[in-house]
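Take a look at the structure set out below.
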Amino acid sequence: MKRLLAILLIMLVVLSGCADSRYSRDFFSMDTIITATVYGKDETELVRNEVERLDSLLSVTNISSDVAKHNRGQKISDETKKLIKRCEEISTLTGGAFDIHLQALIDEWDVANATEPPSDAQITKALDDKSKIGFGAVAKGYAAACIRKKLEDAGVESAVVSLGGNVMLIGNKPGAGAWSVGIQHPTDESALICTVEAADTAVVTSGGYQRYFEHDGVRYHHILDPKTGYPAKSGIISATVITKDDTLADALSTAVYVMGVKAATELYRGVDGIELIMVTEDTVHVTEGLDFTLEDSDFKLEVIKK
Ligand code: AMP
Ligand code: MG
């Protein structure tokens, strides 16, 4: 009887541990829907506060943000200075494909509102103007890195936070091993192109399909090639980077999209601890370190060796 009671108690603890320990919250910030799921204790408010703090600090449109201050030539915080320095290092690593000093060009294109492309003269002029910064390609990843630190400091051992194309994973899914992360199909919104098993890492996807406008039958998307001033045309339609550093993952996903498969493969071979998924018109190129499942059999699979 005593034993039965003990088993019953253990079962109750296990069950309550499973049923009560998952806390989820959706909110809108940084121009996207953010979903935070935290296991063990409800720290979802902490996630929201941190995202909102960083949105106020890094948004290019908020006139009191550090970015707006920088672009007006005013003083900024040490935190933002540190992020600028980190971004400049990543820019070097990518041969300039990722560049936070492109904001004049990004404003000229204004892809979210435009109905036609700027003229060549406007593009050349904006490309030469390196005075304005923008963190559009890295703010969500940096936010993910800050959230990770806050949650870990609060003792959280298992969480998943999704910010637009950025997924931040802490630990494993309780009782289920690695998380299974689906990567959106670049040409079919309702489907997945592949899934990856991942734990304690960032999984970040960039794609031209995420934001674009069309003019005279031509599609103009939001990821710009700093070499040409035009939307990148590298042959990649979706680029995913998996690495433990959330900031690096976000910056590199944008860079890989610009660089194309060949240059990104060289980058992969030169940097430890990163894995890539690059989708081109008919092929999914995957680096060998991933636990990966192709979900669309119309695509060929090409494995890239280190
Ligand atoms: P992501 O979705 O992370 O790839 O970031 C795309 C956003 O980053 C764009 O909407 C622009 O604000 C900005 N951006 C576009 N091209 C670049 C680039 N080559 N380097 C850095 N930021 C860029
Ligand atoms: Mg990015």
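To be explicit about the labels: the chains of the structure tokens are called A, B, and onward in the order shown, and within each one the residues are counted from 1, while ligands get numbers from 1 in the order they are shown.
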Discussion item. Among stretch 61-223 of chain A, which residues does DSSP mark as strand (DSSP E) when it is run on the backbone? Keep the chain and numbering as in the structure and answer as number ranges by chain.
Written reply: A: 159-163, 166-170, 179-185, 188-198, 202-207, 212-215, 218-221
Item to complete: Determine, counting only C-alpha atoms, which protein, DNA and RNA residues have an atom within 7 Å of an atom of stretch 198-208 of chain A; residues of the same chain fewer than 5 positions away are not included. Present the result as a VMD selection string.
Response: chain A and resid 165 to 172 178 to 180 221 to 223 237 to 246 249 to 250 253 to 254 257
Worksheet item: Using only C-alpha atoms and all ligand atoms, which protein or nucleic acid residues are at most 9 Å from ligand 1, as a PyMOL selection string?
Response: chain A and resi 91+96-103+105-107+110-112+134-141+164-166+204-208+210-211+221-227+229+231-232+239+250-255+257-258
Produce a file of the selected residues containing C-alpha atoms, as a compact mmCIF listing (two decimals), in the first residue's frame.
# COMPACT_ATOMS: atom_id res chain seq x y z
CA SER A 91 30.80 42.27 -41.89
CA GLY A 96 31.00 42.94 -46.70
CA ALA A 97 27.85 40.99 -47.66
CA PHE A 98 26.37 41.89 -44.26
CA ASP A 99 26.68 45.62 -43.68
CA ILE A 100 24.84 47.73 -41.07
CA HIS A 101 25.95 50.94 -42.83
CA LEU A 102 23.44 50.48 -45.67
CA GLN A 103 20.51 52.32 -44.10
CA LEU A 105 20.14 52.57 -49.42
CA ILE A 106 17.50 50.63 -47.45
CA ASP A 107 15.51 53.88 -46.96
CA ASP A 110 11.74 51.39 -48.82
CA VAL A 111 10.64 47.91 -49.92
CA ALA A 112 7.73 47.76 -47.45
CA GLY A 134 20.31 50.06 -39.30
CA PHE A 135 20.03 46.76 -37.42
CA GLY A 136 17.20 45.29 -39.53
CA ALA A 137 19.27 42.20 -40.32
CA VAL A 138 20.48 41.54 -36.78
CA ALA A 139 18.23 43.15 -34.13
CA LYS A 140 16.03 40.08 -33.65
CA GLY A 141 19.09 37.86 -33.31
CA GLY A 164 10.06 36.37 -37.11
CA GLY A 165 12.54 34.10 -38.89
CA ASN A 166 14.62 33.70 -35.71
CA VAL A 204 17.58 31.70 -38.30
CA THR A 205 16.14 31.96 -41.80
CA SER A 206 16.36 34.85 -44.30
CA GLY A 207 14.43 34.88 -47.53
CA GLY A 208 13.49 37.28 -50.29
CA GLN A 210 9.55 37.46 -46.58
CA ARG A 211 9.22 41.07 -47.86
CA HIS A 221 12.87 41.95 -52.22
CA HIS A 222 14.36 43.43 -49.06
CA ILE A 223 17.82 41.85 -48.87
CA LEU A 224 20.21 44.16 -50.68
CA ASP A 225 23.58 43.35 -52.18
CA PRO A 226 26.07 45.99 -50.96
CA LYS A 227 28.10 45.42 -54.15
CA GLY A 229 22.79 48.31 -54.45
CA PRO A 231 18.17 43.15 -54.19
CA ALA A 232 20.61 40.21 -53.96
CA ALA A 239 19.19 30.81 -46.25
CA ASP A 250 20.89 36.39 -37.73
CA ALA A 251 23.66 38.43 -39.33
CA LEU A 252 24.98 35.41 -41.23
CA SER A 253 21.57 34.34 -42.53
CA THR A 254 21.31 37.70 -44.31
CA ALA A 255 24.94 37.50 -45.49
CA TYR A 257 21.54 34.97 -48.81
CA VAL A 258 23.65 37.71 -50.44
Item to complete: For stretch 181-194 of chain A, please output as a list in words all residues within 7 Å (counting only C-alpha atoms; exclusion window: fewer than 2 positions along the same chain).
Response: Trp179, Val196, Glu197, Tyr209, Ile237, Ser238, Thr293, Leu294, Glu295 and Asp296 of chain A
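Closest approach to A:Thr35 among A:Leu301, A:Ile236, A:Val160, A:Asp120: A:Val160, based on only C-alpha atoms.
Distances to ligand 2 were evaluated for A:Gly260, A:Ile63, A:Leu163, A:Lys173 using only C-alpha atoms and all ligand atoms, and the minimum falls at A:Leu163.
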Worksheet item: Within 7 Å of A:Phe213, counting only C-alpha atoms, which residues qualify if same-chain residues fewer than 2 places away don't, as a PyMOL selection string?
Response: chain A and resi 111+114-115+215+219-221
Residues from the last selection, N, CA, C and O atoms, saved as a PDB file, in the first residue's frame:
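Saved file again_5.pdb follows:
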ATOM      1  N   VAL A 111      11.330  49.066 -49.309  1.00  0.00           N
ATOM      2  CA  VAL A 111      10.636  47.909 -49.916  1.00  0.00           C
ATOM      3  C   VAL A 111       9.223  47.692 -49.347  1.00  0.00           C
ATOM      4  O   VAL A 111       8.315  47.284 -50.085  1.00  0.00           O
ATOM      5  N   ALA A 114       7.209  50.673 -51.210  1.00  0.00           N
ATOM      6  CA  ALA A 114       7.476  51.096 -52.590  1.00  0.00           C
ATOM      7  C   ALA A 114       6.561  50.415 -53.599  1.00  0.00           C
ATOM      8  O   ALA A 114       6.058  49.308 -53.375  1.00  0.00           O
ATOM      9  N   THR A 115       6.344  51.115 -54.734  1.00  0.00           N
ATOM     10  CA  THR A 115       5.616  50.501 -55.839  1.00  0.00           C
ATOM     11  C   THR A 115       6.498  50.432 -57.084  1.00  0.00           C
ATOM     12  O   THR A 115       6.156  49.791 -58.063  1.00  0.00           O
ATOM     13  N   HIS A 215       7.038  45.183 -59.614  1.00  0.00           N
ATOM     14  CA  HIS A 215       6.864  46.290 -60.556  1.00  0.00           C
ATOM     15  C   HIS A 215       7.176  45.769 -61.950  1.00  0.00           C
ATOM     16  O   HIS A 215       8.243  45.166 -62.160  1.00  0.00           O
ATOM     17  N   ARG A 219      10.091  41.114 -59.351  1.00  0.00           N
ATOM     18  CA  ARG A 219       9.973  41.127 -57.900  1.00  0.00           C
ATOM     19  C   ARG A 219      11.230  41.759 -57.295  1.00  0.00           C
ATOM     20  O   ARG A 219      12.345  41.394 -57.644  1.00  0.00           O
ATOM     21  N   TYR A 220      11.034  42.719 -56.399  1.00  0.00           N
ATOM     22  CA  TYR A 220      12.149  43.377 -55.707  1.00  0.00           C
ATOM     23  C   TYR A 220      12.013  43.075 -54.210  1.00  0.00           C
ATOM     24  O   TYR A 220      11.052  43.499 -53.575  1.00  0.00           O
ATOM     25  N   HIS A 221      12.975  42.336 -53.640  1.00  0.00           N
ATOM     26  CA  HIS A 221      12.869  41.951 -52.219  1.00  0.00           C
ATOM     27  C   HIS A 221      13.795  42.804 -51.341  1.00  0.00           C
ATOM     28  O   HIS A 221      14.525  43.665 -51.846  1.00  0.00           O
TER      29      HIS A 221
END
Worksheet item: Neighbours of A:Thr80 within 10 Å (only C-alpha atoms; same-chain residues fewer than 5 positions away dropped), as a VMD selection string?
Response: chain A and resid 54 57 to 58 66 to 67 70 85 to 86
Output the selection as an mmCIF file, in the first residue's frame - all heavy atoms for each residue.
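Generated file (result.cif):
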data_model
loop_
_atom_site.group_PDB
_atom_site.id
_atom_site.type_symbol
_atom_site.label_atom_id
_atom_site.label_comp_id
_atom_site.auth_asym_id
_atom_site.auth_seq_id
_atom_site.Cartn_x
_atom_site.Cartn_y
_atom_site.Cartn_z
ATOM 1 N N LEU A 54 14.752 46.322 -26.249
ATOM 2 C CA LEU A 54 15.646 46.341 -27.412
ATOM 3 C C LEU A 54 14.995 46.995 -28.622
ATOM 4 O O LEU A 54 15.678 47.632 -29.426
ATOM 5 C CB LEU A 54 16.138 44.935 -27.728
ATOM 6 C CG LEU A 54 17.081 44.433 -26.631
ATOM 7 C CD1 LEU A 54 17.266 42.940 -26.703
ATOM 8 C CD2 LEU A 54 18.425 45.159 -26.711
ATOM 9 N N LEU A 57 15.527 50.563 -28.172
ATOM 10 C CA LEU A 57 16.938 50.933 -28.314
ATOM 11 C C LEU A 57 17.408 50.889 -29.771
ATOM 12 O O LEU A 57 18.197 51.722 -30.212
ATOM 13 C CB LEU A 57 17.778 49.948 -27.483
ATOM 14 C CG LEU A 57 19.243 50.278 -27.268
ATOM 15 C CD1 LEU A 57 19.378 51.426 -26.267
ATOM 16 C CD2 LEU A 57 20.005 49.048 -26.733
ATOM 17 N N LEU A 58 16.890 49.900 -30.535
ATOM 18 C CA LEU A 58 17.502 49.599 -31.841
ATOM 19 C C LEU A 58 16.638 49.891 -33.060
ATOM 20 O O LEU A 58 17.116 49.785 -34.188
ATOM 21 C CB LEU A 58 17.926 48.118 -31.878
ATOM 22 C CG LEU A 58 18.864 47.661 -30.742
ATOM 23 C CD1 LEU A 58 19.140 46.183 -30.853
ATOM 24 C CD2 LEU A 58 20.180 48.454 -30.771
ATOM 25 N N ASP A 66 18.627 54.536 -30.035
ATOM 26 C CA ASP A 66 20.063 54.772 -30.223
ATOM 27 C C ASP A 66 20.428 54.851 -31.706
ATOM 28 O O ASP A 66 21.331 55.596 -32.092
ATOM 29 C CB ASP A 66 20.865 53.643 -29.570
ATOM 30 C CG ASP A 66 21.405 54.062 -28.208
ATOM 31 O OD1 ASP A 66 21.034 55.150 -27.731
ATOM 32 O OD2 ASP A 66 22.203 53.288 -27.640
ATOM 33 N N VAL A 67 19.727 54.083 -32.518
ATOM 34 C CA VAL A 67 20.012 54.084 -33.959
ATOM 35 C C VAL A 67 19.693 55.464 -34.540
ATOM 36 O O VAL A 67 20.504 56.054 -35.265
ATOM 37 C CB VAL A 67 19.211 52.971 -34.674
ATOM 38 C CG1 VAL A 67 19.318 53.099 -36.182
ATOM 39 C CG2 VAL A 67 19.704 51.607 -34.220
ATOM 40 N N HIS A 70 22.289 57.909 -33.287
ATOM 41 C CA HIS A 70 23.546 57.727 -34.052
ATOM 42 C C HIS A 70 23.439 58.411 -35.420
ATOM 43 O O HIS A 70 24.343 59.117 -35.849
ATOM 44 C CB HIS A 70 23.847 56.239 -34.228
ATOM 45 C CG HIS A 70 25.025 55.971 -35.131
ATOM 46 N ND1 HIS A 70 24.920 56.027 -36.504
ATOM 47 C CD2 HIS A 70 26.311 55.699 -34.866
ATOM 48 C CE1 HIS A 70 26.110 55.781 -37.035
ATOM 49 N NE2 HIS A 70 26.972 55.580 -36.056
ATOM 50 N N LYS A 85 30.243 47.376 -33.094
ATOM 51 C CA LYS A 85 31.573 46.800 -33.272
ATOM 52 C C LYS A 85 31.456 45.323 -33.692
ATOM 53 O O LYS A 85 32.135 44.870 -34.619
ATOM 54 C CB LYS A 85 32.348 46.933 -31.959
ATOM 55 C CG LYS A 85 33.803 46.652 -32.085
ATOM 56 C CD LYS A 85 34.608 47.237 -30.933
ATOM 57 C CE LYS A 85 36.044 46.782 -31.019
ATOM 58 N NZ LYS A 85 36.211 45.373 -30.590
ATOM 59 N N ARG A 86 30.568 44.602 -33.011
ATOM 60 C CA ARG A 86 30.353 43.187 -33.332
ATOM 61 C C ARG A 86 29.890 43.037 -34.786
ATOM 62 O O ARG A 86 30.366 42.181 -35.529
ATOM 63 C CB ARG A 86 29.304 42.616 -32.360
ATOM 64 C CG ARG A 86 29.012 41.154 -32.537
ATOM 65 C CD ARG A 86 30.063 40.325 -31.806
ATOM 66 N NE ARG A 86 30.310 39.051 -32.467
ATOM 67 C CZ ARG A 86 29.498 37.999 -32.436
ATOM 68 N NH1 ARG A 86 28.379 38.062 -31.748
ATOM 69 N NH2 ARG A 86 29.805 36.881 -33.064
#
